[in-house]
Amino acid sequence: MTFPNEEDRLREIKELNEQIQELQSNLMQAQKLSSVGALASSTTHEFNNILTTVINYAKMGLRHQDGKTREKAFEKILAAGQRASKITCGMLSYARQQGNRQEPTDVVQLVKSVMVLVEKDLQMNRVRWQTDFLGHPEANLNTGQIQQVLINLIVNARQAMDEGGQLFITVRSNTEDNWAEISVRDTGSGIPADKLRNIFQPFFTTKEADEQGQGGTGLGLALCKEIIDSHEGRIRVESAQGKGTTFTLKFPLLREIPQIEKAEEMREAG
Ligand SMILES: Nc1ncnc2c1ncn2[C@@H]1O[C@H](COP(=O)(O)OP(=O)(O)OP(=O)(O)O)[C@@H](O)[C@H]1O
Ligand SMILES: [Mg+2]
């Protein structure tokens, strides 16, 4: 291709760059929807359970005339409805969030919002999980993107534990080196040393297609890396074959949220 002058060439480069950025953001959105897809079966299952609860307690309330039984029925129906609403709100807000804006974010709250989305999936796959909040850091984050990173890591961890296992998610404030840290540790298959250096490469996957033609795309970790880089963060992996894997995320620490502020927030939230 020839360009009549330097100005046209620069314009062409600018346009190409914009196209790349748009493609990248489309890819990010597509991968996000694929992570929603990975949780679809467990979410449907949970909704089915919630509906069964609602139907059974509604029947019970209709059958019994006494106030006490009816009150109990209403309480159960309300709790089931609230649980369903927590899940749908979480899913919708995760799927909808777009854009690159990063803002001061409570890391503990963010991790909790992810656990609401994945807990049924873990339970259905016999994975026991535990969160440890050893600090309460605030960092400049894009909530939707970091949720996406955590869901990718958690789904990977679950897939590495087909016989069930344990998952530990820990939040720390490293005030010495000024990092807000999140680690995701599993007791799964681990990653062989010769594969470890490839896992962040786009399209690197060890997950073969099943009967429905669904395997891994190998894009999950590549996008995690991309997102973490855009936050000026770090992503590290340690793995021992047959023992398990730990991914650690680090973000520049803005501050440790003081206890008193947390109490205030809880009071306001009622
Ligand atoms: N927690 C883990 N335990 C063991 N292996 C892992 C773990 N996380 C990632 N891997 C390895 O890294 C590879 C790349 O992971 P990545 O998330 O990028 O793609 P994928 O999971 O294969 O595909 P997709 O994310 O589209 O489902 C995986 O195929 C797997 O071999
Ligand atoms: Mg993956």
# chains A, B, ... in the order shown; residues from 1 in each chain; ligands from 1
call {"tool": "closest_atom_pairs", "arguments": {"of": "chain A", "to": "ligand 2", "cutoff": "12 Å", "atoms": "only C-alpha atoms and all ligand atoms", "output": "tab-separated table"}}
result
residue	atom	partner	partner_atom_place_in_ligand_line	distance
A:Gln31	CA	ligand 2	1 (Mg)	9.8
A:Lys32	CA	ligand 2	1 (Mg)	11.2
A:Ser34	CA	ligand 2	1 (Mg)	10.0
A:Ser35	CA	ligand 2	1 (Mg)	8.6
A:Ala38	CA	ligand 2	1 (Mg)	9.7
A:Gln148	CA	ligand 2	1 (Mg)	10.9
A:Val149	CA	ligand 2	1 (Mg)	9.8
A:Leu150	CA	ligand 2	1 (Mg)	10.6
A:Ile151	CA	ligand 2	1 (Mg)	9.0
A:Asn152	CA	ligand 2	1 (Mg)	5.4
A:Leu153	CA	ligand 2	1 (Mg)	6.9
A:Ile154	CA	ligand 2	1 (Mg)	8.6
A:Val155	CA	ligand 2	1 (Mg)	6.5
A:Asn156	CA	ligand 2	1 (Mg)	4.8
A:Ala157	CA	ligand 2	1 (Mg)	8.6
A:Arg158	CA	ligand 2	1 (Mg)	9.9
A:Gln159	CA	ligand 2	1 (Mg)	8.4
A:Ala160	CA	ligand 2	1 (Mg)	10.0
A:Ile199	CA	ligand 2	1 (Mg)	9.7
A:Phe200	CA	ligand 2	1 (Mg)	10.3
A:Gln201	CA	ligand 2	1 (Mg)	11.8
A:Pro202	CA	ligand 2	1 (Mg)	10.9
A:Phe203	CA	ligand 2	1 (Mg)	10.2
A:Phe204	CA	ligand 2	1 (Mg)	9.8
A:Thr205	CA	ligand 2	1 (Mg)	8.1
A:Thr206	CA	ligand 2	1 (Mg)	9.8
A:Lys207	CA	ligand 2	1 (Mg)	8.9
A:Gly215	CA	ligand 2	1 (Mg)	9.7
A:Gly216	CA	ligand 2	1 (Mg)	6.5
A:Thr217	CA	ligand 2	1 (Mg)	7.5
A:Gly218	CA	ligand 2	1 (Mg)	6.3
A:Leu219	CA	ligand 2	1 (Mg)	6.9
A:Gly220	CA	ligand 2	1 (Mg)	4.4
A:Leu221	CA	ligand 2	1 (Mg)	6.3
A:Ala222	CA	ligand 2	1 (Mg)	9.2
A:Leu223	CA	ligand 2	1 (Mg)	9.8
A:Cys224	CA	ligand 2	1 (Mg)	9.6
call {"tool": "write_last_selection", "arguments": {"atoms": "C-alpha atoms", "output": "mmCIF file, in the first residue's frame"}}
result
data_model
loop_
_atom_site.group_PDB
_atom_site.id
_atom_site.type_symbol
_atom_site.label_atom_id
_atom_site.label_comp_id
_atom_site.auth_asym_id
_atom_site.auth_seq_id
_atom_site.Cartn_x
_atom_site.Cartn_y
_atom_site.Cartn_z
ATOM 1 C CA GLN A 31 -15.294 -13.722 27.042
ATOM 2 C CA LYS A 32 -17.353 -12.210 29.853
ATOM 3 C CA SER A 34 -18.781 -17.030 28.031
ATOM 4 C CA SER A 35 -17.959 -16.912 31.761
ATOM 5 C CA ALA A 38 -19.992 -21.389 32.461
ATOM 6 C CA GLN A 148 -14.257 -11.257 35.256
ATOM 7 C CA VAL A 149 -10.659 -12.056 36.247
ATOM 8 C CA LEU A 150 -11.776 -13.701 39.500
ATOM 9 C CA ILE A 151 -14.537 -15.702 37.816
ATOM 10 C CA ASN A 152 -12.026 -16.958 35.223
ATOM 11 C CA LEU A 153 -9.597 -18.004 37.973
ATOM 12 C CA ILE A 154 -12.324 -19.669 40.042
ATOM 13 C CA VAL A 155 -13.836 -21.533 37.070
ATOM 14 C CA ASN A 156 -10.328 -22.715 36.092
ATOM 15 C CA ALA A 157 -9.732 -23.862 39.679
ATOM 16 C CA ARG A 158 -13.021 -25.759 39.764
ATOM 17 C CA GLN A 159 -12.239 -27.399 36.410
ATOM 18 C CA ALA A 160 -8.876 -28.526 37.841
ATOM 19 C CA ILE A 199 -0.756 -20.518 30.289
ATOM 20 C CA PHE A 200 -1.051 -16.772 29.708
ATOM 21 C CA GLN A 201 -0.623 -17.176 25.937
ATOM 22 C CA PRO A 202 -3.836 -16.582 23.973
ATOM 23 C CA PHE A 203 -5.410 -19.869 22.804
ATOM 24 C CA PHE A 204 -3.234 -22.065 25.029
ATOM 25 C CA THR A 205 -5.554 -24.680 26.487
ATOM 26 C CA THR A 206 -5.368 -28.251 27.730
ATOM 27 C CA LYS A 207 -9.170 -28.601 27.761
ATOM 28 C CA GLY A 215 -13.622 -27.166 25.210
ATOM 29 C CA GLY A 216 -11.455 -24.346 26.416
ATOM 30 C CA THR A 217 -10.756 -21.306 24.266
ATOM 31 C CA GLY A 218 -7.500 -20.617 26.079
ATOM 32 C CA LEU A 219 -8.473 -16.960 26.274
ATOM 33 C CA GLY A 220 -9.391 -16.790 29.963
ATOM 34 C CA LEU A 221 -5.929 -16.232 31.412
ATOM 35 C CA ALA A 222 -4.718 -14.148 28.455
ATOM 36 C CA LEU A 223 -7.521 -11.688 29.163
ATOM 37 C CA CYS A 224 -6.830 -11.821 32.903
#
call {"tool": "residues_around", "arguments": {"residues": "Ala80 of chain A", "least_positions_apart": "5", "cutoff": "12 Å", "atoms": "only C-alpha atoms", "output": "list in words"}}
result
Glu46, Phe47, Asn48, Asn49, Ile50, Leu51, Thr52, Thr53, Val54, Ile55, Asn56, Tyr57, Ala58, Ala73, Phe74, Glu75, Ser85, Lys86 and Ile87 of chain A
call {"tool": "atom_distance", "arguments": {"atom1": "atom CA of Arg234 of chain A", "atom2": "atom CA of Leu249 of chain A"}}
result
5.7 Å
call {"tool": "select_by_dssp", "arguments": {"residues": "segment 72-112 of chain A", "states": "helix (DSSP H, G or I)", "output": "PyMOL selection string"}}
result
chain A and resi 72-96+107-112
call {"tool": "closest_residue", "arguments": {"among": "A:Glu176, A:Glu268, A:Asp162, A:Glu256", "to": "ligand 1", "atoms": "only C-alpha atoms and all ligand atoms"}}
result
A:Asp162
call {"tool": "residues_around", "arguments": {"residues": "Thr187 of chain A", "least_positions_apart": "3", "cutoff": "10 Å", "atoms": "only C-alpha atoms", "output": "JSON, numbers by chain"}}
result
{"A": [127, 157, 158, 160, 161, 164, 165, 166, 167, 168, 190, 239, 240, 241, 242, 243, 244, 245, 246]}
call {"tool": "write_last_selection", "arguments": {"atoms": "N, CA and C atoms", "output": "PDB file, in the first residue's frame"}}
result
ATOM      1  N   VAL A 127     -16.867 -28.656  45.492  1.00  0.00           N
ATOM      2  CA  VAL A 127     -15.694 -27.872  45.903  1.00  0.00           C
ATOM      3  C   VAL A 127     -16.086 -27.069  47.141  1.00  0.00           C
ATOM      4  N   ALA A 157     -10.057 -23.080  38.481  1.00  0.00           N
ATOM      5  CA  ALA A 157      -9.732 -23.862  39.679  1.00  0.00           C
ATOM      6  C   ALA A 157     -10.722 -25.014  39.824  1.00  0.00           C
ATOM      7  N   ARG A 158     -11.990 -24.714  39.646  1.00  0.00           N
ATOM      8  CA  ARG A 158     -13.021 -25.759  39.764  1.00  0.00           C
ATOM      9  C   ARG A 158     -12.808 -26.845  38.702  1.00  0.00           C
ATOM     10  N   ALA A 160     -10.073 -27.740  37.499  1.00  0.00           N
ATOM     11  CA  ALA A 160      -8.876 -28.526  37.841  1.00  0.00           C
ATOM     12  C   ALA A 160      -9.146 -29.475  39.004  1.00  0.00           C
ATOM     13  N   MET A 161     -10.373 -29.406  39.559  1.00  0.00           N
ATOM     14  CA  MET A 161     -10.710 -30.270  40.714  1.00  0.00           C
ATOM     15  C   MET A 161     -11.930 -31.115  40.368  1.00  0.00           C
ATOM     16  N   GLY A 164     -13.659 -32.909  43.081  1.00  0.00           N
ATOM     17  CA  GLY A 164     -13.958 -32.073  44.250  1.00  0.00           C
ATOM     18  C   GLY A 164     -12.655 -31.602  44.867  1.00  0.00           C
ATOM     19  N   GLY A 165     -12.727 -30.687  45.800  1.00  0.00           N
ATOM     20  CA  GLY A 165     -11.500 -30.182  46.408  1.00  0.00           C
ATOM     21  C   GLY A 165     -11.797 -28.951  47.232  1.00  0.00           C
ATOM     22  N   GLN A 166     -10.748 -28.185  47.467  1.00  0.00           N
ATOM     23  CA  GLN A 166     -10.918 -26.994  48.291  1.00  0.00           C
ATOM     24  C   GLN A 166     -10.384 -25.757  47.586  1.00  0.00           C
ATOM     25  N   LEU A 167     -11.072 -24.663  47.818  1.00  0.00           N
ATOM     26  CA  LEU A 167     -10.691 -23.394  47.200  1.00  0.00           C
ATOM     27  C   LEU A 167     -10.565 -22.343  48.301  1.00  0.00           C
ATOM     28  N   PHE A 168      -9.439 -21.651  48.306  1.00  0.00           N
ATOM     29  CA  PHE A 168      -9.219 -20.623  49.332  1.00  0.00           C
ATOM     30  C   PHE A 168      -9.022 -19.282  48.641  1.00  0.00           C
ATOM     31  N   GLY A 190      -2.938 -29.124  39.508  1.00  0.00           N
ATOM     32  CA  GLY A 190      -1.660 -28.434  39.344  1.00  0.00           C
ATOM     33  C   GLY A 190      -1.309 -28.314  37.870  1.00  0.00           C
ATOM     34  N   SER A 239       2.531 -23.375  41.198  1.00  0.00           N
ATOM     35  CA  SER A 239       1.761 -24.594  41.041  1.00  0.00           C
ATOM     36  C   SER A 239       2.631 -25.811  41.324  1.00  0.00           C
ATOM     37  N   ALA A 240       2.036 -26.828  41.921  1.00  0.00           N
ATOM     38  CA  ALA A 240       2.741 -28.090  42.134  1.00  0.00           C
ATOM     39  C   ALA A 240       1.827 -29.190  41.625  1.00  0.00           C
ATOM     40  N   GLN A 241       2.367 -29.990  40.705  1.00  0.00           N
ATOM     41  CA  GLN A 241       1.550 -31.023  40.079  1.00  0.00           C
ATOM     42  C   GLN A 241       0.986 -31.984  41.120  1.00  0.00           C
ATOM     43  N   GLY A 242      -0.308 -32.239  41.024  1.00  0.00           N
ATOM     44  CA  GLY A 242      -0.967 -33.150  41.959  1.00  0.00           C
ATOM     45  C   GLY A 242      -1.331 -32.488  43.283  1.00  0.00           C
ATOM     46  N   LYS A 243      -0.826 -31.290  43.519  1.00  0.00           N
ATOM     47  CA  LYS A 243      -1.101 -30.632  44.810  1.00  0.00           C
ATOM     48  C   LYS A 243      -2.052 -29.456  44.662  1.00  0.00           C
ATOM     49  N   GLY A 244      -1.813 -28.641  43.632  1.00  0.00           N
ATOM     50  CA  GLY A 244      -2.708 -27.500  43.440  1.00  0.00           C
ATOM     51  C   GLY A 244      -1.983 -26.270  42.912  1.00  0.00           C
ATOM     52  N   THR A 245      -2.755 -25.211  42.777  1.00  0.00           N
ATOM     53  CA  THR A 245      -2.260 -23.999  42.121  1.00  0.00           C
ATOM     54  C   THR A 245      -2.719 -22.773  42.898  1.00  0.00           C
ATOM     55  N   THR A 246      -1.854 -21.772  42.950  1.00  0.00           N
ATOM     56  CA  THR A 246      -2.242 -20.490  43.542  1.00  0.00           C
ATOM     57  C   THR A 246      -1.975 -19.370  42.556  1.00  0.00           C
TER      58      THR A 246
END
call {"tool": "closest_residue", "arguments": {"among": "A:Leu92, A:Leu196, A:Met28, A:Leu122", "to": "ligand 1", "atoms": "only C-alpha atoms and all ligand atoms"}}
result
A:Leu196
call {"tool": "atom_distance", "arguments": {"atom1": "atom CA of Gly144 of chain A", "atom2": "atom CA of Arg255 of chain A"}}
result
20.8 Å
call {"tool": "closest_residue", "arguments": {"among": "A:Lys225, A:His136, A:Lys120, A:Arg126", "to": "Ile260 of chain A", "atoms": "only C-alpha atoms"}}
result
A:His136
call {"tool": "decode", "arguments": {"residues": "segment 80-130 of chain A", "atoms": "C-alpha atoms", "output": "PDB file, in the first residue's frame"}}
result
ATOM      1  CA  ALA A  80     -36.149 -17.232  48.875  1.00  0.00           C
ATOM      2  CA  GLY A  81     -37.196 -14.191  46.837  1.00  0.00           C
ATOM      3  CA  GLN A  82     -34.395 -12.104  48.315  1.00  0.00           C
ATOM      4  CA  ARG A  83     -31.839 -14.789  47.502  1.00  0.00           C
ATOM      5  CA  ALA A  84     -33.101 -14.961  43.898  1.00  0.00           C
ATOM      6  CA  SER A  85     -32.963 -11.194  43.585  1.00  0.00           C
ATOM      7  CA  LYS A  86     -29.393 -11.090  44.934  1.00  0.00           C
ATOM      8  CA  ILE A  87     -28.312 -13.554  42.240  1.00  0.00           C
ATOM      9  CA  THR A  88     -30.116 -11.895  39.325  1.00  0.00           C
ATOM     10  CA  CYS A  89     -28.952  -8.414  40.344  1.00  0.00           C
ATOM     11  CA  GLY A  90     -25.385  -9.713  40.648  1.00  0.00           C
ATOM     12  CA  MET A  91     -25.512 -11.443  37.260  1.00  0.00           C
ATOM     13  CA  LEU A  92     -27.087  -8.487  35.478  1.00  0.00           C
ATOM     14  CA  SER A  93     -24.694  -5.966  36.921  1.00  0.00           C
ATOM     15  CA  TYR A  94     -21.748  -8.208  36.016  1.00  0.00           C
ATOM     16  CA  ALA A  95     -22.941  -8.822  32.440  1.00  0.00           C
ATOM     17  CA  ARG A  96     -23.843  -5.177  31.822  1.00  0.00           C
ATOM     18  CA  GLN A  97     -20.762  -3.428  33.089  1.00  0.00           C
ATOM     19  CA  GLN A  98     -18.652  -2.150  30.262  1.00  0.00           C
ATOM     20  CA  GLY A  99     -16.069   0.566  29.834  1.00  0.00           C
ATOM     21  CA  ASN A 100     -12.612   0.961  31.281  1.00  0.00           C
ATOM     22  CA  ARG A 101     -13.243   3.362  34.111  1.00  0.00           C
ATOM     23  CA  GLN A 102     -11.281   2.527  37.236  1.00  0.00           C
ATOM     24  CA  GLU A 103     -12.354   3.929  40.587  1.00  0.00           C
ATOM     25  CA  PRO A 104     -11.563   3.443  44.270  1.00  0.00           C
ATOM     26  CA  THR A 105     -13.060   0.061  45.112  1.00  0.00           C
ATOM     27  CA  ASP A 106     -13.498  -1.973  48.275  1.00  0.00           C
ATOM     28  CA  VAL A 107     -11.681  -5.207  47.374  1.00  0.00           C
ATOM     29  CA  VAL A 108     -13.475  -7.270  50.047  1.00  0.00           C
ATOM     30  CA  GLN A 109     -16.911  -6.254  48.723  1.00  0.00           C
ATOM     31  CA  LEU A 110     -15.815  -7.077  45.208  1.00  0.00           C
ATOM     32  CA  VAL A 111     -14.695 -10.582  46.209  1.00  0.00           C
ATOM     33  CA  LYS A 112     -17.980 -11.122  48.068  1.00  0.00           C
ATOM     34  CA  SER A 113     -19.977 -10.100  44.981  1.00  0.00           C
ATOM     35  CA  VAL A 114     -18.106 -12.729  42.951  1.00  0.00           C
ATOM     36  CA  MET A 115     -18.761 -15.458  45.521  1.00  0.00           C
ATOM     37  CA  VAL A 116     -22.526 -14.865  45.178  1.00  0.00           C
ATOM     38  CA  LEU A 117     -22.201 -15.728  41.474  1.00  0.00           C
ATOM     39  CA  VAL A 118     -19.960 -18.786  41.793  1.00  0.00           C
ATOM     40  CA  GLU A 119     -20.946 -20.470  45.060  1.00  0.00           C
ATOM     41  CA  LYS A 120     -23.627 -22.729  43.587  1.00  0.00           C
ATOM     42  CA  ASP A 121     -21.286 -23.803  40.794  1.00  0.00           C
ATOM     43  CA  LEU A 122     -18.660 -24.748  43.404  1.00  0.00           C
ATOM     44  CA  GLN A 123     -21.193 -26.564  45.548  1.00  0.00           C
ATOM     45  CA  MET A 124     -22.513 -28.562  42.590  1.00  0.00           C
ATOM     46  CA  ASN A 125     -18.952 -29.621  41.772  1.00  0.00           C
ATOM     47  CA  ARG A 126     -18.210 -30.648  45.363  1.00  0.00           C
ATOM     48  CA  VAL A 127     -15.694 -27.872  45.903  1.00  0.00           C
ATOM     49  CA  ARG A 128     -15.594 -26.485  49.424  1.00  0.00           C
ATOM     50  CA  TRP A 129     -14.540 -22.889  49.617  1.00  0.00           C
ATOM     51  CA  GLN A 130     -13.339 -20.429  52.186  1.00  0.00           C
TER      52      GLN A 130
END
